Every structure is written in structure tokens, then in C-alpha cells.
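This is model_31.cif (mmCIF, C-alpha atoms and all ligand atoms).
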data_work
loop_
_atom_site.label_atom_id
_atom_site.label_comp_id
_atom_site.auth_asym_id
_atom_site.auth_seq_id
_atom_site.Cartn_x
_atom_site.Cartn_y
_atom_site.Cartn_z
CA MET X 14 -13.24 -27.65 -1.62
CA HIS X 15 -16.16 -25.44 -2.35
CA ARG X 16 -15.15 -21.82 -2.54
CA ASN X 17 -16.85 -18.50 -2.83
CA ASN X 18 -14.74 -17.24 -5.68
CA GLN X 19 -16.99 -14.67 -7.18
CA GLY X 20 -15.12 -11.62 -8.41
CA VAL X 21 -14.22 -8.61 -6.40
CA THR X 22 -17.26 -6.43 -6.74
CA GLU X 23 -20.79 -7.64 -6.62
CA LEU X 24 -23.69 -6.22 -8.57
CA ASP X 25 -27.20 -6.39 -7.23
CA ASP X 26 -29.47 -9.09 -8.67
CA ASP X 27 -31.46 -6.39 -10.40
CA GLY X 28 -28.27 -5.04 -11.98
CA ASN X 29 -28.69 -1.53 -10.65
CA ASP X 30 -25.80 0.58 -9.53
CA ASP X 31 -26.00 -0.40 -5.88
CA VAL X 32 -22.56 -1.94 -5.98
CA VAL X 33 -20.85 -3.29 -2.90
CA THR X 34 -17.38 -1.92 -2.96
CA VAL X 35 -14.98 -4.55 -1.70
CA PRO X 36 -12.01 -3.67 -3.84
CA LEU X 37 -8.84 -5.69 -3.95
CA ILE X 38 -6.09 -3.36 -2.84
CA HIS X 39 -2.39 -4.11 -3.22
CA ILE X 40 -0.23 -2.68 -0.50
CA ASP X 41 3.51 -2.81 -1.00
CA THR X 42 5.42 -2.33 2.18
CA THR X 43 9.15 -1.81 2.34
CA THR X 44 10.78 -2.58 5.66
CA ALA X 45 14.15 -2.34 7.35
CA THR X 46 15.27 -4.30 10.35
CA THR X 47 17.32 -2.55 12.96
CA THR X 48 19.23 -4.25 15.73
CA THR X 49 20.00 -2.32 18.87
CA THR X 50 22.51 -3.61 21.39
CA THR X 51 22.36 -2.10 24.84
CA THR X 52 25.43 -2.63 27.00
CA THR X 53 25.22 -2.11 30.75
CA LYS X 54 28.59 -1.70 32.46
CA ARG X 55 28.87 -2.31 36.17
CA ILE X 56 30.99 0.27 37.90
CA ILE X 57 33.39 -1.33 40.35
CA ASP X 58 35.27 0.72 42.91
CA ASP X 59 38.86 0.12 44.14
CA ASN X 60 37.64 -2.47 46.69
CA ASN X 61 35.78 -4.50 44.04
CA VAL X 62 32.43 -3.31 45.35
CA ASP X 63 29.73 -2.96 42.73
CA ILE X 64 28.63 0.63 43.23
CA ASP X 65 25.22 -0.07 41.68
CA ASN X 66 24.11 -2.75 44.16
CA GLY X 67 26.76 -2.86 46.88
CA THR X 68 27.89 -6.47 46.17
CA THR X 69 31.51 -7.54 46.02
CA SER X 70 32.75 -8.51 42.60
CA SER X 71 36.05 -10.08 41.54
CA SER X 72 36.27 -8.10 38.31
CA SER X 73 34.44 -5.42 36.42
CA SER X 74 31.49 -6.77 34.36
CA SER X 75 29.13 -5.74 31.66
CA SER X 76 25.99 -7.27 30.17
CA SER X 77 24.34 -6.61 26.87
CA SER X 78 20.92 -7.23 25.38
CA THR X 79 19.94 -7.11 21.75
CA THR X 80 16.55 -6.05 20.43
CA THR X 81 15.48 -6.31 16.83
CA SER X 82 12.72 -4.21 15.36
CA THR X 83 11.30 -3.94 11.89
CA VAL X 84 10.15 -0.57 10.64
CA ILE X 85 8.29 0.54 7.53
CA THR X 86 10.45 2.71 5.33
CA ASN X 87 8.16 3.73 2.45
CA LEU X 88 5.32 6.25 2.43
CA PRO X 89 1.80 5.11 1.49
CA SER X 90 0.77 5.86 -2.06
CA ARG X 91 -1.91 8.56 -2.06
CA LYS X 92 -3.90 6.80 -4.76
CA THR X 93 -3.98 3.50 -2.84
CA SER X 94 -4.81 5.33 0.38
CA ARG X 95 -7.80 7.09 -1.19
CA LEU X 96 -9.06 3.85 -2.72
CA LEU X 97 -8.81 2.16 0.64
CA VAL X 98 -10.58 4.92 2.55
CA SER X 99 -13.28 5.13 -0.08
CA ALA X 100 -14.02 1.40 0.41
CA LEU X 101 -14.01 1.77 4.19
CA LYS X 102 -16.46 4.68 3.92
CA ASP X 103 -18.72 2.72 1.60
CA SER X 104 -18.89 -0.93 2.69
CA GLY X 105 -16.38 -0.85 5.56
CA PHE X 106 -14.59 -3.77 3.84
CA ALA X 107 -11.63 -4.24 1.49
CA LEU X 108 -9.47 -7.15 0.37
CA ILE X 109 -5.80 -6.54 1.07
CA GLN X 110 -3.00 -8.14 -0.88
CA SER X 111 0.32 -7.50 0.80
CA ASN X 112 3.80 -8.31 -0.42
CA LEU X 113 4.58 -9.30 3.20
CA LEU X 114 2.16 -12.26 3.30
CA THR X 115 2.53 -15.11 0.83
CA SER X 116 -0.42 -17.36 -0.03
CA ASP X 117 1.65 -20.26 1.19
CA HIS X 118 2.23 -18.71 4.62
CA GLN X 119 -1.46 -17.82 4.92
CA LEU X 120 -2.54 -21.34 3.95
CA LYS X 121 -0.10 -22.98 6.35
CA THR X 122 -1.27 -20.74 9.19
CA LEU X 123 -4.88 -21.75 8.51
CA GLN X 124 -3.81 -25.41 8.60
CA VAL X 125 -2.00 -24.90 11.91
CA ALA X 126 -5.05 -23.09 13.33
CA SER X 127 -7.24 -26.03 12.38
CA GLN X 128 -4.77 -28.52 13.94
CA PHE X 129 -4.38 -26.49 17.14
CA LEU X 130 -8.16 -26.41 17.59
CA ALA X 131 -8.64 -30.08 16.75
CA ALA X 132 -5.84 -31.24 19.07
CA ARG X 133 -6.91 -28.72 21.75
CA ILE X 134 -3.38 -27.34 21.95
CA VAL X 135 -5.04 -23.99 22.61
CA ASP X 136 -7.95 -23.24 24.97
CA VAL X 137 -10.92 -24.16 22.84
CA VAL X 138 -14.29 -22.56 23.48
CA SER X 139 -17.51 -23.97 22.04
CA HIS X 140 -19.89 -21.22 21.03
CA PRO X 141 -23.25 -21.56 22.85
CA THR X 142 -25.39 -21.13 19.73
CA ASP X 143 -23.26 -21.02 16.57
CA PRO X 144 -21.84 -24.31 15.22
CA LYS X 145 -18.27 -23.19 15.78
CA VAL X 146 -15.35 -23.60 18.16
CA TYR X 147 -12.66 -21.01 18.65
CA ALA X 148 -9.63 -19.97 20.68
CA MET X 149 -8.65 -16.43 21.58
CA LEU X 150 -4.87 -15.93 21.62
CA ASP X 151 -3.41 -12.73 22.96
CA SER X 152 0.27 -11.89 23.58
CA VAL X 153 0.97 -14.52 20.95
CA ASP X 154 4.58 -13.45 20.60
CA GLN X 155 5.26 -14.07 24.30
CA TYR X 156 3.80 -17.56 24.59
CA ASP X 157 4.46 -20.94 23.12
CA TYR X 158 1.37 -22.98 22.43
CA VAL X 159 3.26 -26.22 22.18
CA ASP X 160 5.66 -28.02 24.46
CA ARG X 161 9.02 -26.85 23.14
CA SER X 162 10.90 -29.30 25.34
CA SER X 163 9.27 -32.28 23.64
CA ASN X 164 11.64 -31.92 20.69
CA ASP X 165 8.70 -32.38 18.36
CA SER X 166 9.99 -30.38 15.41
CA ASN X 167 6.59 -30.39 13.76
CA ASN X 168 4.98 -28.75 16.78
CA ASN X 169 7.79 -26.23 17.12
CA ASN X 170 7.45 -25.37 13.49
CA ASN X 171 3.70 -24.88 13.87
CA ASN X 172 4.23 -22.53 16.76
CA ASN X 173 6.67 -20.49 14.68
CA ILE X 174 4.22 -20.31 11.78
CA ILE X 175 1.62 -18.68 14.04
CA LYS X 176 4.17 -16.26 15.51
CA GLU X 177 5.52 -15.27 12.11
CA TYR X 178 1.96 -14.73 10.91
CA VAL X 179 1.33 -12.35 13.81
CA ASP X 180 4.60 -10.49 13.14
CA VAL X 181 3.61 -10.03 9.50
CA LEU X 182 0.04 -8.97 10.32
CA ARG X 183 1.33 -6.36 12.75
CA LEU X 184 3.36 -4.77 9.97
CA ILE X 185 0.41 -4.96 7.56
CA LYS X 186 -1.86 -3.46 10.24
CA THR X 187 0.60 -0.60 10.76
CA ASP X 188 0.80 0.10 7.05
CA ILE X 189 -3.00 -0.03 6.69
CA LEU X 190 -3.30 2.50 9.52
CA ARG X 191 -0.80 4.72 7.71
CA HIS X 192 -2.83 4.44 4.51
CA ILE X 193 -5.99 5.32 6.43
CA ALA X 194 -4.32 8.46 7.80
CA VAL X 195 -3.25 9.55 4.32
CA GLY X 196 -6.56 8.58 2.69
CA LEU X 197 -8.69 10.43 5.23
CA LEU X 198 -7.02 13.75 4.57
CA SER X 199 -9.52 15.75 2.58
CA SER X 200 -7.32 18.67 1.59
CA SER X 201 -4.35 18.42 -0.70
CA GLU X 202 -1.91 19.73 1.89
CA ASP X 203 -0.42 16.33 2.47
CA ASP X 204 2.75 17.82 3.91
CA GLU X 205 0.79 18.65 7.03
CA ILE X 206 -0.33 15.12 7.73
CA ASP X 207 1.02 12.88 10.44
CA VAL X 208 1.19 9.61 8.51
CA ASP X 209 1.70 7.68 11.75
CA PHE X 210 -1.22 9.27 13.57
CA PHE X 211 -3.26 6.06 13.90
CA ALA X 212 -0.23 3.75 13.86
CA LYS X 213 1.20 5.49 16.94
CA LEU X 214 -1.99 4.75 18.84
CA HIS X 215 -1.32 1.05 18.15
CA ASP X 216 2.40 0.68 18.81
CA GLU X 217 1.88 -1.56 21.87
CA HIS X 218 0.35 -4.10 19.49
CA ASN X 219 -2.62 -5.08 21.65
CA ASP X 220 -3.82 -7.58 19.12
CA THR X 221 -5.84 -10.74 19.60
CA LEU X 222 -5.88 -13.70 17.28
CA ARG X 223 -9.07 -15.75 17.10
CA LEU X 224 -8.69 -19.19 15.56
CA ILE X 225 -12.06 -20.49 14.41
CA THR X 226 -13.40 -23.76 13.04
CA TYR X 227 -17.02 -24.09 11.89
CA HIS X 228 -18.03 -27.74 12.06
CA PRO X 229 -19.87 -29.34 9.13
CA THR X 230 -23.62 -29.65 9.68
CA HIS X 231 -24.65 -31.19 6.32
CA SER X 232 -28.03 -29.54 6.65
CA ILE X 233 -30.03 -27.28 4.34
CA THR X 234 -31.65 -25.76 7.43
CA THR X 235 -28.37 -24.53 8.93
CA GLY X 236 -28.72 -20.82 9.63
CA ASN X 237 -25.89 -18.48 10.52
CA ARG X 238 -22.67 -20.32 11.28
CA CYS X 239 -21.48 -17.06 12.89
CA LYS X 240 -24.21 -14.69 13.87
CA GLU X 241 -24.31 -11.10 12.69
CA HIS X 242 -22.09 -8.64 14.52
CA SER X 243 -19.68 -5.81 14.00
CA ASP X 244 -16.17 -6.05 15.39
CA TYR X 245 -15.25 -4.11 18.48
CA GLY X 246 -11.67 -2.90 17.94
CA THR X 247 -10.11 -0.64 15.35
CA ILE X 248 -9.44 -2.94 12.40
CA THR X 249 -9.80 -6.67 11.76
CA LEU X 250 -7.75 -8.67 9.29
CA LEU X 251 -9.29 -12.01 8.41
CA SER X 252 -7.89 -15.07 6.67
CA THR X 253 -10.37 -17.70 5.55
CA ASP X 254 -10.00 -20.97 3.70
CA GLY X 255 -12.50 -19.74 1.12
CA ILE X 256 -15.45 -21.90 2.16
CA SER X 257 -18.52 -19.80 1.31
CA GLY X 258 -20.56 -17.92 3.85
CA LEU X 259 -18.97 -14.60 4.82
CA GLU X 260 -21.47 -11.82 4.16
CA LEU X 261 -21.64 -8.11 4.88
CA TYR X 262 -24.73 -5.98 5.37
CA HIS X 263 -24.89 -3.12 2.89
CA ASN X 264 -27.80 -0.91 1.90
CA GLY X 265 -30.30 -3.18 3.61
CA ARG X 266 -29.06 -6.42 2.05
CA TRP X 267 -26.72 -9.27 2.91
CA LYS X 268 -24.00 -9.65 0.28
CA PRO X 269 -21.24 -12.26 -0.04
CA VAL X 270 -17.73 -10.99 0.64
CA PRO X 271 -15.64 -12.14 -2.31
CA PHE X 272 -12.87 -14.66 -1.68
CA VAL X 273 -9.50 -14.12 -3.36
CA GLU X 274 -6.74 -16.51 -2.38
CA GLY X 275 -3.74 -14.83 -0.76
CA THR X 276 -5.68 -11.79 0.41
CA LEU X 277 -6.82 -10.64 3.84
CA VAL X 278 -10.33 -9.36 4.45
CA LEU X 279 -10.04 -5.98 6.15
CA ASN X 280 -12.97 -4.48 8.03
CA VAL X 281 -13.40 -1.51 10.31
CA GLY X 282 -14.23 -2.05 14.00
CA SER X 283 -16.53 0.15 16.06
CA LEU X 284 -13.68 1.99 17.83
CA LEU X 285 -12.17 3.32 14.62
CA SER X 286 -15.64 4.05 13.30
CA GLY X 287 -16.42 6.07 16.44
CA TRP X 288 -13.13 7.98 16.28
CA THR X 289 -13.89 8.99 12.71
CA LYS X 290 -17.48 10.05 13.49
CA ASN X 291 -18.72 6.98 11.60
CA ILE X 292 -17.09 8.20 8.39
CA LEU X 293 -15.44 4.78 8.29
CA ARG X 294 -18.10 2.12 8.75
CA ALA X 295 -18.13 -0.74 11.24
CA THR X 296 -20.29 -2.93 9.05
CA LEU X 297 -22.37 -5.86 10.28
CA HIS X 298 -21.17 -9.17 8.94
CA ARG X 299 -21.89 -12.87 9.51
CA VAL X 300 -21.10 -16.33 8.21
CA ALA X 301 -24.34 -17.42 6.56
CA GLY X 302 -25.69 -20.93 6.12
CA PRO X 303 -28.31 -22.07 3.58
CA GLY X 304 -31.08 -21.31 6.08
CA SER X 305 -29.91 -17.75 6.81
CA ILE X 306 -32.52 -15.07 6.29
CA ASN X 307 -32.22 -12.58 3.40
CA SER X 308 -28.93 -13.99 2.18
CA GLY X 309 -27.60 -12.68 -1.11
CA SER X 310 -25.31 -15.69 -1.48
CA ASN X 311 -26.09 -18.66 -3.66
CA LYS X 312 -28.08 -21.13 -1.51
CA GLU X 313 -26.52 -24.19 -3.18
CA ASP X 314 -23.05 -22.80 -2.37
CA LEU X 315 -24.03 -22.30 1.24
CA PHE X 316 -25.44 -25.84 1.47
CA GLU X 317 -22.28 -27.26 -0.10
CA ALA X 318 -20.26 -25.24 2.43
CA THR X 319 -22.04 -26.94 5.36
CA LYS X 320 -20.50 -30.24 4.22
CA HIS X 321 -17.01 -28.94 5.01
CA PRO X 322 -15.27 -27.67 8.11
CA ARG X 323 -14.55 -23.98 7.62
CA THR X 324 -11.46 -22.42 9.17
CA SER X 325 -10.71 -18.76 9.63
CA ILE X 326 -8.33 -16.59 11.63
CA ALA X 327 -9.41 -13.15 12.77
CA PHE X 328 -6.70 -10.70 13.85
CA PHE X 329 -8.36 -8.01 15.94
CA ALA X 330 -6.37 -4.80 16.43
CA ASP X 331 -6.98 -2.75 19.53
CA PRO X 332 -5.32 0.55 20.39
CA ASN X 333 -2.78 1.13 23.16
CA TYR X 334 -4.09 0.91 26.71
CA ASN X 335 -3.84 4.66 27.34
CA VAL X 336 -6.15 5.43 24.44
CA SER X 337 -9.72 5.89 25.51
CA GLU X 338 -12.57 3.89 24.01
CA SER X 339 -14.46 7.09 23.54
CA LEU X 340 -11.89 9.55 22.33
CA THR X 341 -14.31 12.35 21.66
CA ALA X 342 -16.09 12.11 25.01
CA THR X 343 -12.81 12.21 26.90
CA ALA X 344 -11.48 15.12 24.92
CA THR X 345 -14.51 17.33 25.25
CA ALA X 346 -15.29 16.40 28.85
CA THR X 347 -11.85 16.95 30.30
CA ALA X 348 -10.02 18.99 27.68
CA THR X 349 -6.81 18.03 29.48
CA ALA X 350 -3.53 17.60 27.74
CA THR X 351 -3.61 13.81 28.02
CA ALA X 352 -2.38 11.68 25.18
CA THR X 353 -5.97 10.88 24.42
CA ALA X 354 -7.22 14.43 24.29
CA THR X 355 -4.28 15.47 22.18
CA ALA X 356 -4.95 12.63 19.82
CA VAL X 357 -8.57 13.61 19.42
CA LEU X 358 -7.83 17.22 18.80
CA GLU X 359 -5.40 16.13 16.14
CA LEU X 360 -8.21 14.28 14.36
CA GLU X 361 -9.11 17.69 13.03
CA GLN X 362 -6.22 17.35 10.62
CA PHE X 363 -8.35 14.78 8.79
CA GLY X 364 -11.29 17.13 8.59
CA ILE X 365 -12.99 15.34 11.51
CA THR X 366 -14.29 17.89 13.98
CA ILE X 367 -15.34 17.10 17.49
O1 LIG O 401 -15.08 -16.63 10.30
C1 LIG O 401 -15.28 -15.65 9.62
O2 LIG O 401 -15.14 -15.66 8.40
C2 LIG O 401 -15.70 -14.35 10.28
C3 LIG O 401 -15.36 -14.30 11.74
C4 LIG O 401 -15.69 -12.98 12.35
O3 LIG O 401 -16.27 -12.12 11.76
C5 LIG O 401 -15.27 -12.70 13.74
O4 LIG O 401 -14.78 -13.62 14.42
O5 LIG O 401 -15.40 -11.54 14.20
FE FE O 402 -16.21 -10.24 12.83
#
Translate this file's structure into C-alpha cells.
Ligand SMILES: O=C(O)CCC(=O)C(=O)O
Ligand SMILES: [Fe+2]
Amino acid sequence: MHRNNQGVTELDDDGNDDVVTVPLIHIDTTTATTTTTTTTKRIIDDNNVDIDNGTTSSSSSSSSSTTTSTVITNLPSRKTSRLLVSALKDSGFALIQSNLLTSDHQLKTLQVASQFLAARIVDVVSHPTDPKVYAMLDSVDQYDYVDRSSNDSNNNNNNNIIKEYVDVLRLIKTDILRHIAVGLLSSSEDDEIDVDFFAKLHDEHNDTLRLITYHPTHSITTGNRCKEHSDYGTITLLSTDGISGLELYHNGRWKPVPFVEGTLVLNVGSLLSGWTKNILRATLHRVAGPGSINSGSNKEDLFEATKHPRTSIAFFADPNYNVSESLTATATATATATATATAVLELEQFGITI
């Protein structure tokens, strides 16, 4: 496998101090799992009539349901938070190493993604211009993408790997949002800060998983395998198999995003950038080929990469449905006490004025 394995920060060819800051940031998250059992008792009167719904019942009854939730129990380190926010202000990108995601789990999920696309277990879309196919999965935790009744343990296992990956990425997303809240605070009065400010706007977990395979083209003329774009939502967490090509646009140049096994590539989407008055940057990025214009990657590496299928998984985080796309516009236009307006006004705690 040919991998873009070039260190974590990248100096310009001319060696000047125009450094792309894509730091590797370790985030240690401590969690606790709580189980809540809710018991509903039916109230039966002397004539065995269920008072709740008027039916006749031979005995009193109760039903219970159990929900399990995992919560983060530690506070973000201020140092890590500042490092993270500094990278997101500069390049809009960082590499995240989390204790919650093992390299093995990440690798297996990439393998399952590749299999699901190849076997068309998911709804596969062929991109009209880029040499890639992909599937968009939302509500991943509610659906099974395989036939569970077939007793195919391999398939069932694959389905679980994807679901567990999403569970883990939701926790990592939440902790990243907590770090962003802490890191954005400009003053030293950290006691004032609502650590969960951004996380609370995401607690419905409106995430989408995009499974992507870039087919081999074996051609030196292959241009972008994924054309340049910025992501729409708040944050994106990307796993790739390390095949070269991912580039970000920084200070007028296309630079390779370093690959470090076991890490997630974090980048800011345009919603979060807008909320923070573009303090955090929604940076253009692309997957370059050897024929891509103005590429700062090694052309031989990019050619070699076209000889291999390239698999990636993008986890796009979107906010809760009641949160407006344009927080500032809503807040200033209506100035009502909606959740959205309140949220925007609270952005001032980070030194972001409307
Ligand atoms: O495949 C990649 O490495 C990048 C994909 C990407 O940027 C996207 O799907 O938004
Ligand atoms: Fe993207």
C-alpha cells in the first residue's frame, strides 16, 4: 500500500515559515455508562378495569424499559483545547488521536465500508464526475444494513462494527465540541464558560456517515479524485486508509494532509465557521490525483495512489434540528427568546459578538 506518511506539519518547499498547522492532538475521554429503568404501572380499579385505557384486565400489570447512555465525565484540558482551536483557526484541520478509537477498530470499519460498497449492501451512488462511489448513511444506529435473519454471523458482525464506530465517533465529536468551547474562550475566566455549549446543540446526533471508495484509474492524467469543496455541517471526522491524495488549501496553496495511522482527520464545516464569525475556518480540501493543478503533493505518490482503490469514511456532524443554519441572522432579525437566539447571544461568552 502506498501511503502519505509525511510527518505532522509540512514546511513550504522554499522552507519559509508558512507552515500548515495540522497538529496531532491526543484527546483522552473518560466516560461512564448509566442505565435507567423506567417502570410503568397500570392502575387497575376494583372491577379489574385499566383506568388508563378502559380495558378489562385480569390482574394488575407493569412494564419496564431500559435505556443506556454513555456520558463524558472529565473536563477538557485547557492546553489541549487551545492547541485544537489554534489549529482550527489556522488551517481548519487537526489530526485527532482518541483513546476511544483503536487503530484496529478504525481499520476494520474501513474494510467493512469497502465491502458494503463493493457488495452494494448499502445504496451506492456513482459520482457524476469524480472517479468515486459512495453511500450516505444516516440514522445508522436505527437501521441494519444487512439481513439479520440470514444468520450470517460475518454480516451481523460487520453491521455491528459500523454501529460501534458511529457510537464512538459521537462521543469523540462531543468531546471535540467541548474542547472547542474551552479553547475559544479568550479570557482566563474559565469558570464562566459553558463547556457543553456546542455539544448541547448536537445532542440529537444528526450525523451522516459517507462511505467512499475511489476506484483505481492507473493514469498519470487523473485529476481530482474528489473535487475541491468545504464541508457543510459543523465538524467532519474522517478516516482514510492512508492512500495519498487528501489536500487542504492554505495560504493560496494546496498542501497534503498528513496521514497518521489510528487518527481521525478533523475539519471545520461552514456552519461552525459561520457561527464563529469565520474565526474557525471551513477550509477547502480535495483528493488530488497526479494531474491535479497546483498540487503540493509528490506527483509520483499521487500516480502510485491511482493504482489502488482508496477508501475513506466521512462522519459529518450537523446540529439539532431546532438550531438555525444562520444563527446570527435569526438572532438579530427576531431577537426572540428561541433556543437559537439564546444560543447566539451566548456566543458572546467566547468573545464572539454579533
Ligand atoms: O475521501 C476523502 O479523503 C475526503 C472526502 C471528503 O472530503 C468528503 O467526503 O467531504
Ligand atoms: Fe470534505
Within-9 Å residues of ligand FE 402 (chain O), basis all atoms listed in the file, as a list in words | Cys239, Glu241, His242, Ser243, Asp244, Tyr245, Thr249, Leu251, Asn280, Gly282, Leu297, His298, Arg299, Ala327 and Phe329 of chain X
Selection: 12 Å around Thr230 (chain X), all atoms listed in the file, excl. self and same-chain fewer than 3 positions, as a count of residues only | 22
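Restricting the calculation to all atoms listed in the file, the smallest distance between ligand LIG 401 (chain O) and any of X:Ile189, X:Arg183, X:Tyr147, X:Asn167 is found for X:Tyr147.
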Go ahead and find all residues with at least one atom no further than 12 Å from (-4.4, -23.8, 7.4) in the file's coordinates, using all atoms listed in the file; report them as a ChimeraX atom specification.
-> /X:116-130,171,174-175,178,224-226,252-255,322-326
Distance of CA of Leu88 (chain X) from CA of Ile248 (chain X), expressed in Å to one decimal place = 20.0 Å
Mind giving me the axis-aligned box for ligand LIG 401 (chain O) with 3 Å on every side, centre plus edges in Å to one decimal, as lines of an AutoDock Vina configuration file?
center_x = -15.5
center_y = -14.1
center_z = 11.4
size_x = 7.5
size_y = 11.1
size_z = 12.0
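Distances here use all atoms listed in the file; by that measure, the residue among X:Ile206, X:Leu190, X:Ile109, X:Met149 closest to ligand LIG 401 (chain O) is X:Met149.
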For CA of Thr86 (chain X) and CA of Ala45 (chain X), quote the distance in Å rounded to one decimal.
-> 6.6 Å
Just the residues within 6 Å of region 95-103 of chain X, please, counting all atoms listed in the file, with nothing from its chain fewer than 4 positions along; format it as an mmCIF file with C-alpha atoms, in the frame of the given file.
data_model
loop_
_atom_site.group_PDB
_atom_site.id
_atom_site.type_symbol
_atom_site.label_atom_id
_atom_site.label_comp_id
_atom_site.auth_asym_id
_atom_site.auth_seq_id
_atom_site.Cartn_x
_atom_site.Cartn_y
_atom_site.Cartn_z
ATOM 1 C CA THR X 34 -17.380 -1.920 -2.960
ATOM 2 C CA GLY X 196 -6.560 8.580 2.690
ATOM 3 C CA ILE X 292 -17.090 8.200 8.390
ATOM 4 C CA LEU X 293 -15.440 4.780 8.290
ATOM 5 C CA ARG X 294 -18.100 2.120 8.750
#
Could you work out how far CA of Val179 (chain X) lies from CA of Thr247 (chain X), giving the answer in Å with one decimal?
-> 16.4 Å
Near-Asp151 (chain X) list (7 Å; all atoms listed in the file; drop same-chain fewer than 6 positions) as number ranges by chain | X: 220-222
Nearest to ligand LIG 401 (chain O) by atom-to-atom distance, counting only C-alpha atoms and all ligand atoms, from X:Ser305, X:Thr43, X:Asn112, X:Ser257 | X:Ser257
Quick one: residues within 8 Å of His218 (chain X), all atoms listed in the file counted, chain neighbours fewer than 6 positions away excluded, as a PyMOL selection string?
-> chain X and resi 183+330-333
With distances taken over only C-alpha atoms, the candidate from X:Val270, X:Arg91, X:Gly246, X:Ser162 nearest Arg191 (chain X) is X:Arg91
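Minimum atom-to-atom distances from X:Pro269, X:Gly258, X:Pro36, X:Pro89 to ligand LIG 401 (chain O) were compared using all atoms listed in the file, and the lowest value belongs to X:Gly258.
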